[in-house]
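Visitor: This structure is in structure tokens; I'll ask about it shortly.
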Amino acid sequence: MVKCSLIRALVVAVGMAAAALVASPANALVEININKGNVQPLPIAVTDFLQGDMGAQVSQVIAADLQRSGLFAPISKTAFIEKIANPDAAPRFEDWKVINAQALVTGRVTQEADGRLRAEFRLWDTFAGQQMSGQQFYTQPENWRRVAHIIADAIYKQITGEEGYFDTRVVFVSESGTKQQRKRQLAIMDQDGFNVRMLTDGSDLVLTPRFSPSRQEVTYMSFANQQPRVYLLQLETGQREVVGNFPGMTFSPRFSPDGQKVIMSLQQDANSNIYTMDLRSRTTTRLTSTAAIDTSPSYSPDGARVSFESDRGGKPQIYVMNADGSGQTRISFGDGSYSTPVWSPRGDLIAFTKQAGGKFSIGVMKPDGSGERILTTGFHNEGPTWAPNGRVLMFFRQAAGSGGPQLYSIDLTGYNEQLVKTPTYGSDPAWSPLLE
């Protein structure tokens with residue numbers, strides 16, 4: 001059972017009483033325009049937070065988050081000239097300009113009398129010579145990594161003008177054992193691969209987990225008792241329930257943007273069609289009716305449209321329809337086949353898996369099918385999922401001759417691809433919204 005008490009335990013206090021003048025993003029010299037395509041990473045210095053090992057660990061997570069985004073280049077601490085002794089005082093800006101640190105992060109971590117941790121930071125514009133942001137946070141000691149992710153999000157937003165994505169989690173299928181006796185468990189982790197926890201015991205096959213956009217809830221497919229069914233799992237309580245009792249196989253479940261419906265594919269004989277189920281009334285609505293295989297539905301963020309995969313034209317392609325099933329239109333027309341479409345949280349793109357020339361690619365296209373762009377290609381890439389800010393994708397890859405799949409992330413430039421290390425093999429990732 002996974003408890004989410006950390007969400008309730010974290011108290012955020014924005015602003016510091018002793019803060020110096022805070023520059024707005026419009027007035028600050030330090031900024032990143034992330035709409036310019038391939039962005040040159042911003043040199044940033046993240047100092048060890050004062051006091052003790054915990055402060056250094058917090059700053060290490062912050063630097064790792066920023067570096068992994070591809071938008072920041074943390075400067076090696078061996079290059080630092082000034083040793084920060086008081087994070088409340090203005091730094092010697094000239095010392096940081098010498099090493100080309102365009103932004104500087106200082107802070108401290110202390111333990112309160114009641115046992116809680118207080119983490120505070122300041123973000124400085126070294127060339128303007130002024131503070132850009134300052135915040136402090138209180139939490140239980142075991143939640144220190146989450147505080148670091150929240151601080152990284154605050155820095156990311158201050159400099160880019162957009163929401164970060166570091167204070168998030170990912171559900172995925174953890175795979176262990178030999179290929180002949182592969183054990184697949186539903187697992188959850190922080191977006192950087194830390195704090196992995198198993199949600200199922202591996203006695204039943206699990207597939208395609210998906211996060212609710214509004215609750216601490218996951219939907220997934222399982223073969224419990226040899227019956228393929230779609231389940232809902234409450235992360236706080238561990239309670240699991242079946243979504244409907246359909247006569248055929250149900251798969252590829254995904255929540256609606258308001259979290260009130262689940263959209264999925266129901267197999268009947270040799271074909272499958274797309275249905276929705278209202279989670280309050282448990283009523284179902286059929287959206288497609290073909291002799292083909294219609295699957296992998298995904299809502300647009302406004303809930304007005306649905307993308308899905310269908311082989312009604314002879315091989316799998318991507319289609320878009322209205323949320324009531326009307327206006328079904330094919331949008332993919334490139335070479336090869338297309339599958340696993342998923343709508344960006346920003347609404348501007350649809351990510352997909354493409355198979356052509358014996359290789360699998362992860363790419364994006366606009367909702368009308370234009371602007372197709374391949375981000376990465378390999379022996380077997382599949383299953384893209386979006387970070388909540390719509391700037392980064394996670395997917396799984398199985399290299400030729402490898403023992404199993406691994407998780408990777410890549411941003412929309414296609415240049416910043418990173419392995420997300422997990423204790424076991426991993427597949428079918430699904431990114432959470434920003435935690436509350």
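Every chain in the structure tokens has a letter given in the order shown (A, B, ...), and although residue numbers restart at 1 in each chain, ligands are simply numbered from 1 in the order shown.
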Just want the 10 Å neighbourhood of Gln102 of chain A, counted on only C-alpha atoms, with same-chain residues fewer than 2 positions away dropped. Output as a PDB file with N, CA and C atoms, in the first residue's frame.

Guide:
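The resulting file, result.pdb, is shown below:
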```pdb
ATOM      1  N   LEU A  29      17.630  39.919 -16.139  1.00  0.00           N
ATOM      2  CA  LEU A  29      18.436  39.643 -17.322  1.00  0.00           C
ATOM      3  C   LEU A  29      18.449  38.156 -17.640  1.00  0.00           C
ATOM      4  N   VAL A  30      18.318  37.321 -16.589  1.00  0.00           N
ATOM      5  CA  VAL A  30      18.404  35.880 -16.787  1.00  0.00           C
ATOM      6  C   VAL A  30      17.050  35.336 -17.217  1.00  0.00           C
ATOM      7  N   GLU A  31      16.979  34.785 -18.402  1.00  0.00           N
ATOM      8  CA  GLU A  31      15.767  34.126 -18.858  1.00  0.00           C
ATOM      9  C   GLU A  31      16.120  33.178 -19.995  1.00  0.00           C
ATOM     10  N   LEU A  42      21.604  27.203 -19.987  1.00  0.00           N
ATOM     11  CA  LEU A  42      22.006  28.367 -19.199  1.00  0.00           C
ATOM     12  C   LEU A  42      22.990  27.945 -18.106  1.00  0.00           C
ATOM     13  N   PRO A  43      24.188  28.544 -18.039  1.00  0.00           N
ATOM     14  CA  PRO A  43      25.117  28.241 -16.944  1.00  0.00           C
ATOM     15  C   PRO A  43      24.546  28.716 -15.608  1.00  0.00           C
ATOM     16  N   ILE A  44      24.433  27.811 -14.659  1.00  0.00           N
ATOM     17  CA  ILE A  44      23.865  28.134 -13.362  1.00  0.00           C
ATOM     18  C   ILE A  44      24.719  27.497 -12.270  1.00  0.00           C
ATOM     19  N   ALA A  45      24.929  28.210 -11.173  1.00  0.00           N
ATOM     20  CA  ALA A  45      25.693  27.686 -10.044  1.00  0.00           C
ATOM     21  C   ALA A  45      24.728  27.338  -8.917  1.00  0.00           C
ATOM     22  N   PHE A  93      28.873  39.142  -6.437  1.00  0.00           N
ATOM     23  CA  PHE A  93      28.444  38.865  -7.801  1.00  0.00           C
ATOM     24  C   PHE A  93      29.611  38.770  -8.783  1.00  0.00           C
ATOM     25  N   TRP A  96      31.036  35.351  -9.238  1.00  0.00           N
ATOM     26  CA  TRP A  96      30.201  34.403  -9.998  1.00  0.00           C
ATOM     27  C   TRP A  96      30.178  34.754 -11.481  1.00  0.00           C
ATOM     28  N   LYS A  97      30.325  36.058 -11.786  1.00  0.00           N
ATOM     29  CA  LYS A  97      30.401  36.446 -13.202  1.00  0.00           C
ATOM     30  C   LYS A  97      31.695  35.960 -13.840  1.00  0.00           C
ATOM     31  N   VAL A  98      32.761  35.887 -13.046  1.00  0.00           N
ATOM     32  CA  VAL A  98      34.049  35.414 -13.565  1.00  0.00           C
ATOM     33  C   VAL A  98      33.931  33.995 -14.117  1.00  0.00           C
ATOM     34  N   ILE A  99      33.141  33.144 -13.464  1.00  0.00           N
ATOM     35  CA  ILE A  99      32.991  31.750 -13.931  1.00  0.00           C
ATOM     36  C   ILE A  99      31.759  31.591 -14.817  1.00  0.00           C
ATOM     37  N   ASN A 100      31.187  32.732 -15.250  1.00  0.00           N
ATOM     38  CA  ASN A 100      30.056  32.771 -16.187  1.00  0.00           C
ATOM     39  C   ASN A 100      28.799  32.131 -15.620  1.00  0.00           C
ATOM     40  N   LEU A 104      22.512  32.058  -9.875  1.00  0.00           N
ATOM     41  CA  LEU A 104      23.125  31.465  -8.692  1.00  0.00           C
ATOM     42  C   LEU A 104      22.027  31.060  -7.722  1.00  0.00           C
ATOM     43  N   TRP A 124      19.541  34.100  -7.569  1.00  0.00           N
ATOM     44  CA  TRP A 124      20.163  35.396  -7.859  1.00  0.00           C
ATOM     45  C   TRP A 124      20.474  35.533  -9.345  1.00  0.00           C
ATOM     46  N   ASP A 125      20.237  36.721  -9.867  1.00  0.00           N
ATOM     47  CA  ASP A 125      20.685  37.103 -11.204  1.00  0.00           C
ATOM     48  C   ASP A 125      22.046  37.763 -11.025  1.00  0.00           C
ATOM     49  N   THR A 126      23.106  37.061 -11.376  1.00  0.00           N
ATOM     50  CA  THR A 126      24.451  37.553 -11.066  1.00  0.00           C
ATOM     51  C   THR A 126      24.827  38.774 -11.889  1.00  0.00           C
ATOM     52  N   PHE A 127      24.367  38.870 -13.122  1.00  0.00           N
ATOM     53  CA  PHE A 127      24.746  39.998 -13.980  1.00  0.00           C
ATOM     54  C   PHE A 127      23.936  41.245 -13.640  1.00  0.00           C
ATOM     55  N   ALA A 128      22.683  41.076 -13.223  1.00  0.00           N
ATOM     56  CA  ALA A 128      21.891  42.222 -12.768  1.00  0.00           C
ATOM     57  C   ALA A 128      22.226  42.582 -11.329  1.00  0.00           C
TER      58      ALA A 128
END
```

Visitor: Give me the residues within 9 Å of Gly347 of chain A as a ChimeraX atom specification, counting only C-alpha atoms and dropping any in the same chain fewer than 6 places off.

Guide: /A:300-302,366-367,390

Visitor: Between A:Gly55, A:Gly369, A:Pro316, A:Pro384, which one has atoms that come closest to Phe172 of chain A, using only C-alpha atoms?

Guide: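 Counting only C-alpha atoms, the residue closest to Phe172 of chain A is A:Pro384.
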
Visitor: List every residue of segment 36-81 of chain A that has an atom at most 10 Å from any atom of segment 140-144 of chain A, giving for each one its closest atom pair and the distance in Å to one decimal, counting only C-alpha atoms, sorted by chain and then by ascending residue number, as CSV.

Guide:
```
residue,atom,partner,partner_atom,distance
A:Met54,CA,A:Trp144,CA,8.1
A:Gly55,CA,A:Trp144,CA,9.4
A:Gln57,CA,A:Trp144,CA,8.8
A:Val58,CA,A:Trp144,CA,6.9
A:Val61,CA,A:Trp144,CA,9.7
```

Visitor: Which residues of segment 300-404 of chain A sit at most 7 Å from segment 281-296 of chain A, using only C-alpha atoms? Give each one's shortest atom pair and distance in Å (one decimal place), in chain and ascending residue order, as CSV.

Guide:
```
residue,atom,partner,partner_atom,distance
A:Phe308,CA,A:Ser296,CA,5.3
A:Glu309,CA,A:Thr295,CA,5.2
A:Ser310,CA,A:Asp294,CA,4.4
A:Asp311,CA,A:Ile293,CA,5.8
A:Arg312,CA,A:Ala292,CA,5.0
A:Asp324,CA,A:Leu287,CA,6.3
A:Gly325,CA,A:Leu287,CA,4.4
A:Thr340,CA,A:Ser296,CA,5.6
A:Pro341,CA,A:Ser296,CA,6.7
```

Visitor: Excluding segment 173-175 of chain A and residues on its chain fewer than 2 positions from it, collect all residues at most 12 Å away from it, counting only C-alpha atoms, and give them as number ranges by chain.

Guide: A: 170-171, 177-189, 193, 196-202, 204-210, 220-222, 383, 395-396, 403-407, 421-430

Visitor: Which residue, A:Leu71, A:Leu235, A:Val147, A:Ile374, has the smallest gap to Ser361 of chain A when you use only C-alpha atoms?

Guide: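 Checking each of A:Leu71, A:Leu235, A:Val147, A:Ile374 against Ser361 of chain A, counting only C-alpha atoms, the winner is A:Ile374.
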
Visitor: So which residues of segment 33-179 of chain A fall under strand (DSSP E) by DSSP, listed as a VMD selection string?

Guide: chain A and resid 42 to 46 72 to 74 103 to 111 117 to 125 130 to 139 169 to 176

Visitor: Pick the closest to Asp335 of chain A from A:Gln355, A:Thr413, A:Ser252, A:Asn322: which is it, counting only C-alpha atoms?

Guide: A:Gln355
